[in-house]
Every structure is written in C-alpha cells, then in structure tokens.
file target09.txt (compact mmCIF, C-alpha atoms and all ligand atoms)
# COMPACT_ATOMS: atom_id res chain seq x y z
CA MET Y 156 -9.75 -6.34 0.95
CA ALA Y 157 -6.58 -7.91 -0.30
CA TRP Y 158 -5.91 -10.96 -2.42
CA TYR Y 159 -2.55 -12.71 -2.19
CA PRO Y 160 -0.79 -12.82 -5.56
CA GLY Y 161 0.67 -16.24 -4.72
CA ALA Y 162 -2.78 -17.85 -4.34
CA GLU Y 163 -5.43 -19.08 -6.71
CA LYS Y 164 -8.51 -16.97 -6.03
CA MET Y 165 -11.63 -19.06 -5.29
CA GLU Y 166 -14.02 -16.54 -3.83
CA LEU Y 167 -16.59 -17.90 -1.37
CA GLN Y 168 -20.05 -16.39 -1.61
CA PRO Y 169 -22.05 -15.04 0.11
CA GLU Y 170 -19.35 -14.86 2.82
CA SER Y 171 -17.05 -12.63 0.78
CA ASP Y 172 -19.69 -9.97 0.14
CA GLU Y 173 -21.71 -10.20 3.33
CA GLN Y 174 -19.29 -10.67 6.21
CA ALA Y 175 -18.02 -7.67 8.12
CA ALA Y 176 -14.75 -5.92 7.36
CA ILE Y 177 -11.75 -6.49 9.62
CA THR Y 178 -8.37 -4.90 10.12
CA PRO Y 179 -6.12 -7.98 10.12
CA THR Y 180 -3.70 -8.02 13.07
CA GLN Y 181 -3.14 -11.77 13.53
CA VAL Y 182 -2.39 -14.87 11.46
CA ILE Y 183 -3.56 -18.26 12.78
CA PHE Y 184 -2.46 -21.58 11.25
CA HIS Y 185 -4.69 -24.68 11.24
CA SER Y 186 -4.75 -28.29 10.10
CA VAL Y 187 -7.91 -29.26 8.26
CA ALA Y 188 -7.79 -32.98 9.30
CA ALA Y 189 -8.11 -34.11 5.70
CA PRO Y 190 -5.57 -34.53 2.85
CA TRP Y 191 -7.33 -31.91 0.77
CA THR Y 192 -6.34 -29.60 -2.06
CA PRO Y 193 -7.28 -25.92 -1.78
CA ARG Y 194 -10.06 -26.60 -4.32
CA ARG Y 195 -11.53 -29.32 -2.10
CA MET Y 196 -11.42 -26.99 0.93
CA TYR Y 197 -13.25 -24.37 -1.08
CA GLU Y 198 -15.97 -26.88 -1.99
CA TYR Y 199 -16.28 -27.99 1.62
CA TRP Y 200 -16.83 -24.44 2.89
CA ARG Y 201 -19.12 -23.64 -0.01
CA ASP Y 202 -21.29 -26.72 0.49
CA SER Y 203 -20.94 -28.03 4.02
CA THR Y 204 -20.01 -25.59 6.80
CA ASN Y 205 -19.61 -21.90 7.49
CA LEU Y 206 -16.34 -22.14 9.40
CA GLU Y 207 -14.20 -21.03 6.47
CA SER Y 208 -10.61 -19.77 6.52
CA HIS Y 209 -9.10 -17.09 4.32
CA PHE Y 210 -6.49 -19.47 2.87
CA GLY Y 211 -5.97 -23.16 2.20
CA VAL Y 212 -2.58 -24.79 1.58
CA GLY Y 213 -2.33 -28.23 -0.06
CA TYR Y 214 0.40 -30.82 0.54
CA ASP Y 215 2.12 -29.65 -2.66
CA GLY Y 216 2.36 -26.06 -1.39
CA GLY Y 217 -0.43 -24.81 -3.66
CA VAL Y 218 -2.39 -21.96 -2.05
CA GLY Y 219 -6.05 -21.01 -2.49
CA GLN Y 220 -7.67 -17.86 -1.15
CA PHE Y 221 -11.38 -17.90 -0.41
CA VAL Y 222 -12.08 -14.57 1.30
CA GLY Y 223 -10.20 -11.25 1.08
CA THR Y 224 -7.96 -10.52 4.06
CA GLY Y 225 -9.97 -7.40 4.89
CA THR Y 226 -13.12 -9.50 5.43
CA ARG Y 227 -13.97 -11.67 8.46
CA ALA Y 228 -13.51 -15.43 8.14
CA ASP Y 229 -14.94 -17.77 10.74
CA ALA Y 230 -12.36 -20.38 11.79
CA ASN Y 231 -11.06 -18.68 14.94
CA MET Y 232 -14.01 -18.10 17.27
CA HIS Y 233 -13.54 -14.83 19.17
CA ALA Y 234 -10.52 -13.81 17.08
CA ASN Y 235 -12.53 -13.70 13.82
CA ARG Y 236 -13.54 -10.14 14.47
CA ARG Y 237 -13.20 -8.29 17.75
CA ALA Y 238 -15.28 -5.35 18.96
CA ASP Y 239 -12.55 -2.94 17.86
CA GLY Y 240 -12.71 -4.24 14.28
CA THR Y 241 -9.42 -6.14 14.38
CA GLY Y 242 -9.35 -9.82 13.50
CA ALA Y 243 -7.33 -12.84 12.48
CA VAL Y 244 -6.36 -14.12 9.05
CA SER Y 245 -6.75 -17.91 9.13
CA VAL Y 246 -4.77 -20.42 7.10
CA GLU Y 247 -5.92 -24.05 6.77
CA THR Y 248 -3.44 -26.71 5.72
CA ALA Y 249 -3.91 -30.21 4.36
CA SER Y 250 -3.09 -32.88 6.96
CA ASP Y 251 -3.80 -36.49 7.86
CA ASP Y 252 -7.22 -37.10 9.35
CA ARG Y 253 -5.98 -36.74 12.95
CA SER Y 254 -3.69 -33.76 12.24
CA THR Y 255 -0.60 -35.61 13.48
CA ASP Y 256 1.71 -35.37 10.44
CA PRO Y 257 4.21 -32.53 10.00
CA TRP Y 258 3.85 -29.95 7.25
CA THR Y 259 5.63 -30.98 4.06
CA ASP Y 260 8.59 -28.90 2.86
CA GLU Y 261 6.30 -27.48 0.19
CA GLN Y 262 3.76 -26.42 2.81
CA VAL Y 263 6.47 -24.84 4.96
CA GLY Y 264 7.75 -22.84 1.97
CA ALA Y 265 4.21 -21.73 1.09
CA LEU Y 266 3.43 -20.70 4.70
CA ILE Y 267 6.63 -18.66 4.92
CA ALA Y 268 5.94 -16.86 1.64
CA LEU Y 269 2.33 -16.20 2.64
CA GLY Y 270 3.31 -15.08 6.15
CA ALA Y 271 5.90 -12.66 4.75
CA TRP Y 272 3.29 -11.19 2.42
CA LEU Y 273 0.76 -10.77 5.27
CA HIS Y 274 3.46 -9.08 7.34
CA ARG Y 275 4.23 -6.62 4.56
CA ARG Y 276 0.69 -6.02 3.43
CA HIS Y 277 -0.94 -5.60 6.83
CA ASP Y 278 2.00 -4.73 9.11
CA ILE Y 279 1.38 -7.87 11.17
CA PRO Y 280 4.39 -8.14 13.50
CA VAL Y 281 6.58 -11.24 13.08
CA ARG Y 282 6.29 -12.67 16.60
CA VAL Y 283 4.20 -15.22 18.47
CA CYS Y 284 0.95 -13.58 19.62
CA PRO Y 285 1.59 -12.73 23.29
CA ALA Y 286 -2.17 -12.75 24.10
CA TRP Y 287 -5.32 -13.97 22.36
CA ASP Y 288 -6.11 -10.46 21.13
CA ALA Y 289 -2.57 -9.16 20.56
CA PRO Y 290 -1.02 -8.81 17.08
CA GLY Y 291 1.27 -11.51 15.73
CA PHE Y 292 1.28 -15.09 14.42
CA GLY Y 293 -0.02 -18.23 16.13
CA VAL Y 294 -1.42 -21.73 15.85
CA HIS Y 295 -5.03 -22.54 16.61
CA ARG Y 296 -4.40 -24.37 19.92
CA MET Y 297 -2.59 -21.46 21.58
CA PHE Y 298 -5.55 -19.68 23.20
CA PRO Y 299 -8.96 -20.96 24.38
CA GLU Y 300 -10.57 -17.81 22.94
CA TRP Y 301 -9.57 -19.00 19.46
CA SER Y 302 -11.73 -22.15 19.55
CA ASP Y 303 -14.97 -23.45 20.96
CA GLY Y 304 -13.87 -25.44 24.01
CA GLY Y 305 -10.20 -25.96 23.08
CA THR Y 306 -8.48 -27.80 20.24
CA ALA Y 307 -5.26 -29.69 19.48
CA CYS Y 308 -5.15 -28.09 16.00
CA PRO Y 309 -2.80 -28.03 14.12
CA GLY Y 310 -1.15 -30.95 16.02
CA ASP Y 311 2.08 -31.33 18.00
CA ALA Y 312 4.43 -31.69 15.03
CA ARG Y 313 3.13 -28.58 13.32
CA ALA Y 314 3.02 -26.49 16.51
CA ARG Y 315 6.75 -27.26 16.81
CA GLN Y 316 7.42 -26.46 13.14
CA PHE Y 317 5.58 -23.18 13.60
CA ARG Y 318 8.02 -22.02 16.27
CA GLU Y 319 11.19 -23.60 14.92
CA VAL Y 320 10.90 -23.24 11.14
CA VAL Y 321 7.92 -21.24 9.89
CA LEU Y 322 8.08 -18.13 12.07
CA PRO Y 323 11.90 -17.82 11.79
CA GLY Y 324 11.47 -18.28 8.02
CA ILE Y 325 8.93 -15.47 7.89
CA ALA Y 326 11.29 -13.25 9.89
CA ALA Y 327 14.13 -14.01 7.46
CA ALA Y 328 11.92 -13.44 4.41
CA ALA Y 329 10.61 -10.18 5.90
CA GLY Y 330 14.24 -9.07 6.18
CA GLY Y 331 14.79 -9.77 2.49
CA ALA Y 332 16.23 -13.31 2.69
CA PRO Y 333 15.15 -15.80 0.02
CA VAL Y 334 12.06 -17.86 0.78
CA PRO Y 335 13.20 -21.49 0.71
CA THR Y 336 12.22 -23.14 -2.52
CA PRO Y 337 10.40 -26.43 -1.98
CA ARG Y 338 12.54 -29.47 -2.65
CA GLY Y 339 12.12 -31.09 -6.05
CA ASP Y 340 10.50 -28.04 -7.61
CA ALA Y 341 12.89 -25.38 -8.75
CA GLY Y 342 10.08 -23.02 -9.81
CA PRO Y 343 10.54 -19.29 -10.37
CA ALA Y 344 12.81 -17.46 -7.91
CA ARG Y 345 10.89 -16.04 -4.97
CA TYR Y 346 13.11 -13.53 -3.27
CA ARG Y 347 13.24 -9.76 -3.43
CA VAL Y 348 16.01 -7.29 -3.95
CA THR Y 349 16.18 -3.57 -3.27
CA VAL Y 350 17.53 -1.47 -6.12
CA ASN Y 351 17.91 2.28 -5.59
CA GLY Y 352 15.50 2.13 -2.65
CA LEU Y 353 12.72 0.16 -4.35
CA GLU Y 354 11.84 -3.53 -3.99
CA TYR Y 355 11.61 -5.96 -6.92
CA GLY Y 356 10.83 -9.67 -7.08
CA TYR Y 357 8.06 -11.94 -5.87
CA GLY Y 358 5.66 -10.13 -3.52
CA ALA Y 359 6.99 -6.63 -4.23
CA HIS Y 360 4.27 -4.02 -4.60
CA GLY Y 361 3.91 -0.56 -6.06
CA PRO Y 362 3.71 1.55 -9.21
CA HIS Y 363 7.36 0.75 -10.01
CA VAL Y 364 6.37 -2.95 -10.31
CA LYS Y 365 3.73 -2.08 -12.88
CA GLU Y 366 6.22 0.11 -14.74
CA VAL Y 367 8.57 -2.88 -15.12
CA GLY Y 368 5.72 -5.10 -16.34
CA GLU Y 369 4.58 -2.56 -18.90
CA ALA Y 370 8.12 -2.11 -20.19
CA LEU Y 371 8.48 -5.90 -20.52
CA VAL Y 372 5.26 -6.10 -22.54
CA ARG Y 373 6.33 -3.18 -24.75
CA GLN Y 374 9.59 -4.93 -25.51
CA GLY Y 375 7.92 -8.25 -26.30
CA PHE Y 376 8.51 -10.10 -23.01
CA GLY Y 377 4.90 -10.48 -21.85
CA ARG Y 378 4.07 -14.06 -22.78
CA HIS Y 379 3.69 -15.31 -19.18
CA TYR Y 380 1.03 -12.76 -18.25
CA GLN Y 381 -2.50 -14.11 -18.10
CA SER Y 382 -3.60 -10.90 -16.44
CA GLY Y 383 -1.73 -7.75 -15.62
CA PRO Y 384 0.87 -6.42 -15.45
CA ASP Y 385 -0.18 -4.62 -12.30
CA GLU Y 386 1.34 -3.35 -9.06
CA ASP Y 387 1.90 -6.82 -7.54
CA TRP Y 388 5.00 -8.78 -8.55
CA ARG Y 389 3.95 -12.39 -9.26
CA ASP Y 390 5.67 -15.44 -10.74
CA ALA Y 391 4.62 -14.28 -14.23
CA ASP Y 392 6.61 -11.07 -13.75
CA THR Y 393 9.64 -13.13 -12.74
CA LEU Y 394 9.31 -15.42 -15.77
CA ASN Y 395 8.91 -12.50 -18.18
CA TYR Y 396 11.85 -10.72 -16.63
CA GLN Y 397 13.88 -13.91 -16.98
CA ASP Y 398 13.11 -13.97 -20.72
CA PHE Y 399 14.34 -10.39 -20.91
CA GLN Y 400 17.55 -11.27 -19.02
CA HIS Y 401 18.19 -14.15 -21.42
CA SER Y 402 17.79 -11.73 -24.33
CA LEU Y 403 20.60 -9.65 -22.78
CA GLY Y 404 22.82 -12.73 -22.75
CA TYR Y 405 22.59 -13.34 -18.98
CA SER Y 406 22.57 -16.94 -17.77
CA GLY Y 407 22.48 -19.01 -14.59
CA SER Y 408 21.70 -17.09 -11.40
CA ASP Y 409 22.08 -13.80 -13.31
CA ALA Y 410 18.99 -14.80 -15.26
CA ASP Y 411 16.69 -15.93 -12.45
CA GLY Y 412 14.05 -13.31 -13.23
CA VAL Y 413 14.86 -11.04 -10.29
CA PRO Y 414 16.07 -7.62 -11.47
CA GLY Y 415 19.52 -6.22 -10.92
CA GLU Y 416 20.66 -2.66 -11.45
CA GLY Y 417 22.17 -3.36 -14.87
CA SER Y 418 19.19 -5.11 -16.42
CA LEU Y 419 16.75 -2.57 -14.97
CA ARG Y 420 18.67 0.27 -16.57
CA ARG Y 421 18.63 -1.59 -19.88
CA LEU Y 422 14.89 -2.17 -19.63
CA LEU Y 423 13.78 1.28 -18.46
CA GLY Y 424 16.61 3.52 -19.60
CA ARG Y 425 16.96 4.73 -15.99
CA LEU Y 426 16.75 3.52 -12.41
CA PRO Y 427 13.40 4.33 -10.80
CA SER Y 428 13.68 6.04 -7.44
CA PRO Y 429 11.37 6.26 -4.43
CA ARG Y 430 12.23 9.97 -4.43
CA ARG Y 431 9.64 11.82 -6.50
CA VAL Y 432 9.40 15.47 -7.42
CA SER Y 433 6.34 16.94 -9.09
CA LEU Y 434 7.18 19.54 -11.74
CA ALA Y 435 3.96 21.42 -10.97
CA HIS Y 436 4.83 21.58 -7.27
CA VAL Y 437 8.34 22.86 -7.86
CA VAL Y 438 7.13 25.46 -10.36
CA ALA Y 439 4.51 26.63 -7.86
CA ALA Y 440 7.24 26.95 -5.23
CA ALA Y 441 9.52 28.88 -7.60
CA ARG Y 442 6.69 31.33 -8.27
CA THR Y 443 5.66 31.69 -4.61
CA ASP Y 444 8.66 31.40 -2.31
CA PRO Y 445 10.91 34.24 -3.60
CA GLY Y 446 8.21 36.88 -3.03
CA ALA Y 447 7.01 35.46 0.29
CA GLU Y 448 8.64 36.09 3.66
CA GLN Y 449 12.10 34.66 4.22
CA GLY Y 450 12.04 30.87 4.50
CA HIS Y 451 8.52 30.43 3.11
CA GLU Y 452 8.03 26.77 2.09
CA THR Y 453 5.80 25.49 -0.67
CA TYR Y 454 6.19 21.70 -1.07
CA GLY Y 455 9.33 21.89 1.08
CA GLY Y 456 10.18 18.17 0.85
CA GLU Y 457 10.32 18.16 -2.93
CA VAL Y 458 12.12 21.49 -3.06
CA ARG Y 459 14.79 20.09 -0.72
CA ILE Y 460 15.45 17.23 -3.15
CA VAL Y 461 15.96 19.72 -5.99
CA GLU Y 462 18.12 22.00 -3.85
CA GLN Y 463 20.35 19.12 -2.78
CA ALA Y 464 20.73 18.11 -6.43
CA LEU Y 465 21.80 21.68 -7.29
CA VAL Y 466 24.37 21.49 -4.46
CA ASP Y 467 25.64 18.15 -5.76
CA GLU Y 468 25.95 19.64 -9.25
CA GLY Y 469 27.92 22.62 -7.89
CA PHE Y 470 25.34 25.41 -8.41
CA LEU Y 471 24.26 26.06 -4.80
CA GLU Y 472 25.91 26.19 -1.41
CA GLN Y 473 24.86 23.55 1.09
CA ARG Y 474 23.66 26.16 3.61
CA TRP Y 475 20.85 27.24 1.26
CA VAL Y 476 19.21 23.81 1.27
CA ASP Y 477 16.19 24.79 3.36
CA GLY Y 478 13.06 23.66 1.52
CA SER Y 479 12.28 27.20 0.46
CA LEU Y 480 12.67 27.82 -3.25
CA GLY Y 481 13.81 31.40 -2.67
CA THR Y 482 15.81 33.85 -4.76
CA ARG Y 483 19.12 32.02 -4.25
CA THR Y 484 17.71 28.69 -5.36
CA VAL Y 485 16.12 30.31 -8.43
CA GLN Y 486 19.46 31.91 -9.31
CA ALA Y 487 21.19 28.55 -8.86
CA TYR Y 488 18.59 26.82 -11.05
CA ALA Y 489 19.10 29.50 -13.74
CA ALA Y 490 22.85 28.83 -13.66
CA TYR Y 491 22.14 25.11 -14.00
CA GLN Y 492 19.84 25.84 -17.00
CA ARG Y 493 22.59 27.91 -18.65
CA SER Y 494 24.98 24.99 -18.17
CA LEU Y 495 22.57 22.93 -20.28
CA GLY Y 496 22.78 25.53 -23.05
CA TYR Y 497 19.52 27.35 -22.32
CA ALA Y 498 19.42 31.15 -22.61
CA GLY Y 499 17.00 34.01 -22.09
CA GLU Y 500 13.55 32.99 -20.83
CA ASP Y 501 14.57 29.34 -20.94
CA ALA Y 502 17.16 30.09 -18.26
CA ASN Y 503 14.91 32.09 -15.93
CA GLY Y 504 15.37 29.77 -12.96
CA ILE Y 505 11.86 28.32 -13.12
CA PRO Y 506 12.23 24.55 -13.55
CA GLY Y 507 11.03 23.09 -16.84
CA GLN Y 508 10.22 19.53 -17.79
CA ARG Y 509 13.49 18.76 -19.61
CA SER Y 510 15.90 20.42 -17.20
CA LEU Y 511 14.24 18.90 -14.13
CA ARG Y 512 14.22 15.40 -15.64
CA THR Y 513 17.88 15.72 -16.53
CA LEU Y 514 18.67 16.77 -12.97
CA GLY Y 515 16.64 13.84 -11.64
CA GLU Y 516 18.45 11.36 -13.85
CA ARG Y 517 21.80 12.66 -12.67
CA ARG Y 518 20.91 12.84 -8.99
CA GLY Y 519 18.45 9.97 -8.52
CA PHE Y 520 14.91 11.29 -8.27
CA ASP Y 521 11.86 10.74 -10.44
CA VAL Y 522 9.94 13.62 -11.96
CA THR Y 523 6.16 13.50 -12.27
CA ASP Y 524 3.88 16.08 -13.85
ZN ZN T 1 -7.92 -25.17 13.64

call {"tool": "encode", "arguments": {"input": "target09.txt", "output": "structure tokens"}}
result
Amino acid sequence: MAWYPGAEKMELQPESDEQAAITPTQVIFHSVAAPWTPRRMYEYWRDSTNLESHFGVGYDGGVGQFVGTGTRADANMHANRRADGTGAVSVETASDDRSTDPWTDEQVGALIALGAWLHRRHDIPVRVCPAWDAPGFGVHRMFPEWSDGGTACPGDARARQFREVVLPGIAAAAGGAPVPTPRGDAGPARYRVTVNGLEYGYGAHGPHVKEVGEALVRQGFGRHYQSGPDEDWRDADTLNYQDFQHSLGYSGSDADGVPGEGSLRRLLGRLPSPRRVSLAHVVAAARTDPGAEQGHETYGGEVRIVEQALVDEGFLEQRWVDGSLGTRTVQAYAAYQRSLGYAGEDANGIPGQRSLRTLGERRGFDVTD
C-alpha cells in the first residue's frame, strides 16, 4: 500500500479496505470524458460507479489518490488484478466529454512526475507494455484485455502524447533529469540530486530524507510542514530547505530548495552516506574473528568498510582487506586509536563509539549503534 506524496489523499471506501492486494507492474493512463477535478472524480466513484482508478489528474495538474497502489482498482478490466497477483495502477485525467483534447502542459508534468515515482517505488519498467500482461506503461486503448469490448480512451491526441512526451519524460526523470515545471506556475523545484550516494529532492525516499527534515525543524525551518517530516521528500521539504538556504545567504538557483553538498554539511554537520557500519557488529567481529580460524568473517561487509578506511588512513596494508576482523586488523585499529591520543585499554584495537565515528566522518560511512 503506497500513497504518492505528490497527491492529495482522498481515500475511497469500502474499496480501499476491501479490495484485494496487488503487486503493481503496469501503469495505464485514461481520459475520464469530463472536465473534472480530482475531487469531482472521487465523488463520482464514491457515489456513482465502482470503476475507480488509483489516481485522478485535473487540467491544472493537481493529483488526487483514491486507493493505495498496493490495492486493486477497477478501471482496467483483466489488468486490474491477474491470477498471479500482479495488476495495473490506473490514472484518470480530466478531458473534454469526447476525450479528444490533448493533455495540458500541467497534466503532462504531473503524469511524468507520477510515472517517475511509480517507476521508483514499484520498479515498473519505463517502456511501453509489450503485451497486455507484461510490465510497463500504457494507455487504455492498447489491449482489448484492458477494457470491456474495446475503447478509444484516452483519445488520439493523448495516445500520441503518451509515446512522444510523457514516456520519454518519465525516462528522463527516472534518470535524474528535472521534471518539466508546468508553464505559468513556477512552484517548488521538483528534481532530485545525488549527494554522496544518496538522493535528495522531490520524490526521494529513505531515512536520510527524514533526517534532513528533522534537522530543519530543529533549526527553526519547519513552517511549511503540515505533517511530517517523514521519509518521503515532498514540496514542504523543498520549501523548508529553501528557507534554510536563504538563511545561509544563498539566492537564485542556489536557493531552490534542493540540497547541495555545502548546505547539507552546514545543516547536518556531516554528509550522510549510504554506507553504514554498526558499532555492535564490528565489536562482535573484533571479539570473534581473531580467535576463529583464518579468514573467519563476522559481518564481513561492514568489516570491509572499516578495513578499507584503515588502509586509506595508512594503518593497514591493502592485502589485509578481507572482511575478517583478524589479529592484523585489530592491531591496525589499535594503532589508529593511539593516533587519536588513546592509550592503554582505550587503544586495545576494539572499535569504540568515538573512534569509529571519527573514522566514518573521515572516510565517508555512517555509524549506527
Ligand atoms: Zn479508460
């Protein structure tokens, strides 16, 4: 069950609670044959029919979500949920009453941003579905299995936009390119950057996103949050980060609310890293590996990170980087501890909280308990 951070949540009941779970593998775009807002679509499915979609996109690019993406929605006939549990995420879009008009620029921008999120969140491949039950993106008219007796939905103009603009836009956004901002509405920046191996900006996800939000709140830059901060980067995160950048004296495109290395360091005092080492794991390895048979590995991946850092600091030879925290690595760690001014038991070669954090800060890994 996932809810898109770029949408207003308008949960449809009882569908949301009662319909079967799906593993989303497809995205299918529709025209709703009415010039409706997402709110009006929600009311229609609540009051009038059961053929709901997961999402609705208004002419102004506003997005509503009615059902979580891990739950079946009913707009796509046999693709709603297949026997193997896979299914399609469906996206309705406001249109004229015969579905002949093209998507507005605002709709195109919203579909690209949504498509890029669905790609990242559910690993849906950015390609045209090669068969009615094969993963990818499509428009409703593409396969007879997706409708009851065939349909022209979403119309000729939009079927063309899908292939020529929307899908290429999703591919570009999935590769990190900026999502085009709708004309006439500057709005918060909606692109992502990778800093030290972690993504930041609209749509980014993970504990490092929450860490940024919490640091912003602590430092008094939380006024745009109505909920959160949490692990999803939304426009509110961008706006709060922009306030923080302004406080540093940044302006123009340097203050668009998307982090850079410099401002992140100022905010957090360090650059978070996707490389993580648990102190408890490394200590367990230091107590186990030296007495075990040659090459014994306890938490080998984390030990390798520490060993490489000791090499880079000049305390260990490269050939001893083997994932086994054996006698040589313990001796090297003791030498590193002495270089920090520790002596006696404090320089026994068993990593401690302070020495390991210092090593991580110098060599780019995070230390957890
Ligand atoms: Zn349709």

call {"tool": "residues_near_ligand", "arguments": {"input": "target09.txt", "ligand": "ligand ZN 1 (chain T)", "cutoff": "9 Å", "atoms": "only C-alpha atoms and all ligand atoms", "output": "PyMOL selection string"}}
result
chain Y and resi 183-188+230-231+245-247+294-296+301-302+306-309

call {"tool": "write_last_selection", "arguments": {"input": "target09.txt", "atoms": "C-alpha atoms", "output": "mmCIF file, in the frame of the given file"}}
result
data_model
loop_
_atom_site.group_PDB
_atom_site.id
_atom_site.type_symbol
_atom_site.label_atom_id
_atom_site.label_comp_id
_atom_site.auth_asym_id
_atom_site.auth_seq_id
_atom_site.Cartn_x
_atom_site.Cartn_y
_atom_site.Cartn_z
ATOM 1 C CA ILE Y 183 -3.560 -18.260 12.780
ATOM 2 C CA PHE Y 184 -2.460 -21.580 11.250
ATOM 3 C CA HIS Y 185 -4.690 -24.680 11.240
ATOM 4 C CA SER Y 186 -4.750 -28.290 10.100
ATOM 5 C CA VAL Y 187 -7.910 -29.260 8.260
ATOM 6 C CA ALA Y 188 -7.790 -32.980 9.300
ATOM 7 C CA ALA Y 230 -12.360 -20.380 11.790
ATOM 8 C CA ASN Y 231 -11.060 -18.680 14.940
ATOM 9 C CA SER Y 245 -6.750 -17.910 9.130
ATOM 10 C CA VAL Y 246 -4.770 -20.420 7.100
ATOM 11 C CA GLU Y 247 -5.920 -24.050 6.770
ATOM 12 C CA VAL Y 294 -1.420 -21.730 15.850
ATOM 13 C CA HIS Y 295 -5.030 -22.540 16.610
ATOM 14 C CA ARG Y 296 -4.400 -24.370 19.920
ATOM 15 C CA TRP Y 301 -9.570 -19.000 19.460
ATOM 16 C CA SER Y 302 -11.730 -22.150 19.550
ATOM 17 C CA THR Y 306 -8.480 -27.800 20.240
ATOM 18 C CA ALA Y 307 -5.260 -29.690 19.480
ATOM 19 C CA CYS Y 308 -5.150 -28.090 16.000
ATOM 20 C CA PRO Y 309 -2.800 -28.030 14.120
#

call {"tool": "residues_around", "arguments": {"input": "target09.txt", "residues": "segment 366-376 of chain Y", "least_positions_apart": "5", "cutoff": "10 Å", "atoms": "all atoms listed in the file", "output": "list of chain:residue names"}}
result
Y:Tyr355, Y:Gly361, Y:Gly383, Y:Pro384, Y:Asp385, Y:Glu386, Y:Asp387, Y:Trp388, Y:Ala391, Y:Asp392, Y:Thr393, Y:Leu394, Y:Asn395, Y:Tyr396, Y:Gln397, Y:Asp398, Y:Phe399, Y:Gln400, Y:Ser402, Y:Pro414, Y:Leu419, Y:Leu422, Y:Leu423, Y:Pro427

call {"tool": "atom_distance", "arguments": {"input": "target09.txt", "atom1": "atom CA of Pro343 of chain Y", "atom2": "atom CA of Gly356 of chain Y"}}
result
10.2 Å

call {"tool": "atom_distance", "arguments": {"input": "target09.txt", "atom1": "atom CA of Val321 of chain Y", "atom2": "atom CA of Gly407 of chain Y"}}
result
28.6 Å

call {"tool": "residues_around", "arguments": {"input": "target09.txt", "residues": "Tyr488 of chain Y", "least_positions_apart": "2", "cutoff": "8 Å", "atoms": "all atoms listed in the file", "output": "list in words"}}
result
Leu465, Phe470, Thr484, Val485, Gln486, Ala490, Tyr491, Gln492, Gly504, Ile505 and Pro506 of chain Y

call {"tool": "atom_distance", "arguments": {"input": "target09.txt", "atom1": "atom CA of Phe292 of chain Y", "atom2": "atom CA of Trp272 of chain Y"}}
result
12.8 Å

call {"tool": "closest_residue", "arguments": {"input": "target09.txt", "among": "Y:Asp252, Y:Gly417, Y:Ser479, Y:Tyr197", "to": "Ala447 of chain Y", "atoms": "only C-alpha atoms"}}
result
Y:Ser479

call {"tool": "residues_around", "arguments": {"input": "target09.txt", "residues": "Gln174 of chain Y", "least_positions_apart": "3", "cutoff": "12 Å", "atoms": "all atoms listed in the file", "output": "list in words"}}
result
Met156, Leu167, Gln168, Pro169, Glu170, Ser171, Ile177, Asn205, Glu207, Val222, Gly223, Thr224, Gly225, Thr226, Arg227, Ala228, Asp229, Asn235 and Arg236 of chain Y

call {"tool": "write_last_selection", "arguments": {"input": "target09.txt", "atoms": "C-alpha atoms", "output": "compact mmCIF listing (two decimals), in the frame of the given file"}}
result
# COMPACT_ATOMS: atom_id res chain seq x y z
CA MET Y 156 -9.75 -6.34 0.95
CA LEU Y 167 -16.59 -17.90 -1.37
CA GLN Y 168 -20.05 -16.39 -1.61
CA PRO Y 169 -22.05 -15.04 0.11
CA GLU Y 170 -19.35 -14.86 2.82
CA SER Y 171 -17.05 -12.63 0.78
CA ILE Y 177 -11.75 -6.49 9.62
CA ASN Y 205 -19.61 -21.90 7.49
CA GLU Y 207 -14.20 -21.03 6.47
CA VAL Y 222 -12.08 -14.57 1.30
CA GLY Y 223 -10.20 -11.25 1.08
CA THR Y 224 -7.96 -10.52 4.06
CA GLY Y 225 -9.97 -7.40 4.89
CA THR Y 226 -13.12 -9.50 5.43
CA ARG Y 227 -13.97 -11.67 8.46
CA ALA Y 228 -13.51 -15.43 8.14
CA ASP Y 229 -14.94 -17.77 10.74
CA ASN Y 235 -12.53 -13.70 13.82
CA ARG Y 236 -13.54 -10.14 14.47

call {"tool": "closest_residue", "arguments": {"input": "target09.txt", "among": "Y:Pro323, Y:Gly264, Y:Gly242, Y:Gly270", "to": "Thr178 of chain Y", "atoms": "all atoms listed in the file"}}
result
Y:Gly242

call {"tool": "closest_residue", "arguments": {"input": "target09.txt", "among": "Y:Ile460, Y:Ala243, Y:Val283, Y:Val348", "to": "Phe317 of chain Y", "atoms": "only C-alpha atoms"}}
result
Y:Val283

call {"tool": "residues_around", "arguments": {"input": "target09.txt", "residues": "Val263 of chain Y", "least_positions_apart": "6", "cutoff": "12 Å", "atoms": "only C-alpha atoms", "output": "list in words"}}
result
Phe184, Val212, Gly213, Tyr214, Asp215, Gly216, Gly217, Val218, Thr248, Ala249, Pro257, Leu269, Gly270, Arg313, Gln316, Phe317, Arg318, Glu319, Val320, Val321, Leu322, Pro323, Gly324, Ile325, Val334, Pro335, Thr336, Pro337 and Arg338 of chain Y

call {"tool": "closest_residue", "arguments": {"input": "target09.txt", "among": "Y:Gly211, Y:Arg315, Y:Val182, Y:Arg201", "to": "Arg282 of chain Y", "atoms": "all atoms listed in the file"}}
result
Y:Val182

call {"tool": "residues_around", "arguments": {"input": "target09.txt", "residues": "Leu434 of chain Y", "least_positions_apart": "2", "cutoff": "10 Å", "atoms": "only C-alpha atoms", "output": "PyMOL selection string"}}
result
chain Y and resi 431-432+436-440+457+506-508+511-512+522-524

call {"tool": "closest_residue", "arguments": {"input": "target09.txt", "among": "Y:Val458, Y:Ala327, Y:Ala489, Y:Val466", "to": "Arg518 of chain Y", "atoms": "all atoms listed in the file"}}
result
Y:Val466

call {"tool": "closest_residue", "arguments": {"input": "target09.txt", "among": "Y:Ala157, Y:Ala359, Y:Ala289, Y:Val350", "to": "Ala329 of chain Y", "atoms": "all atoms listed in the file"}}
result
Y:Ala359
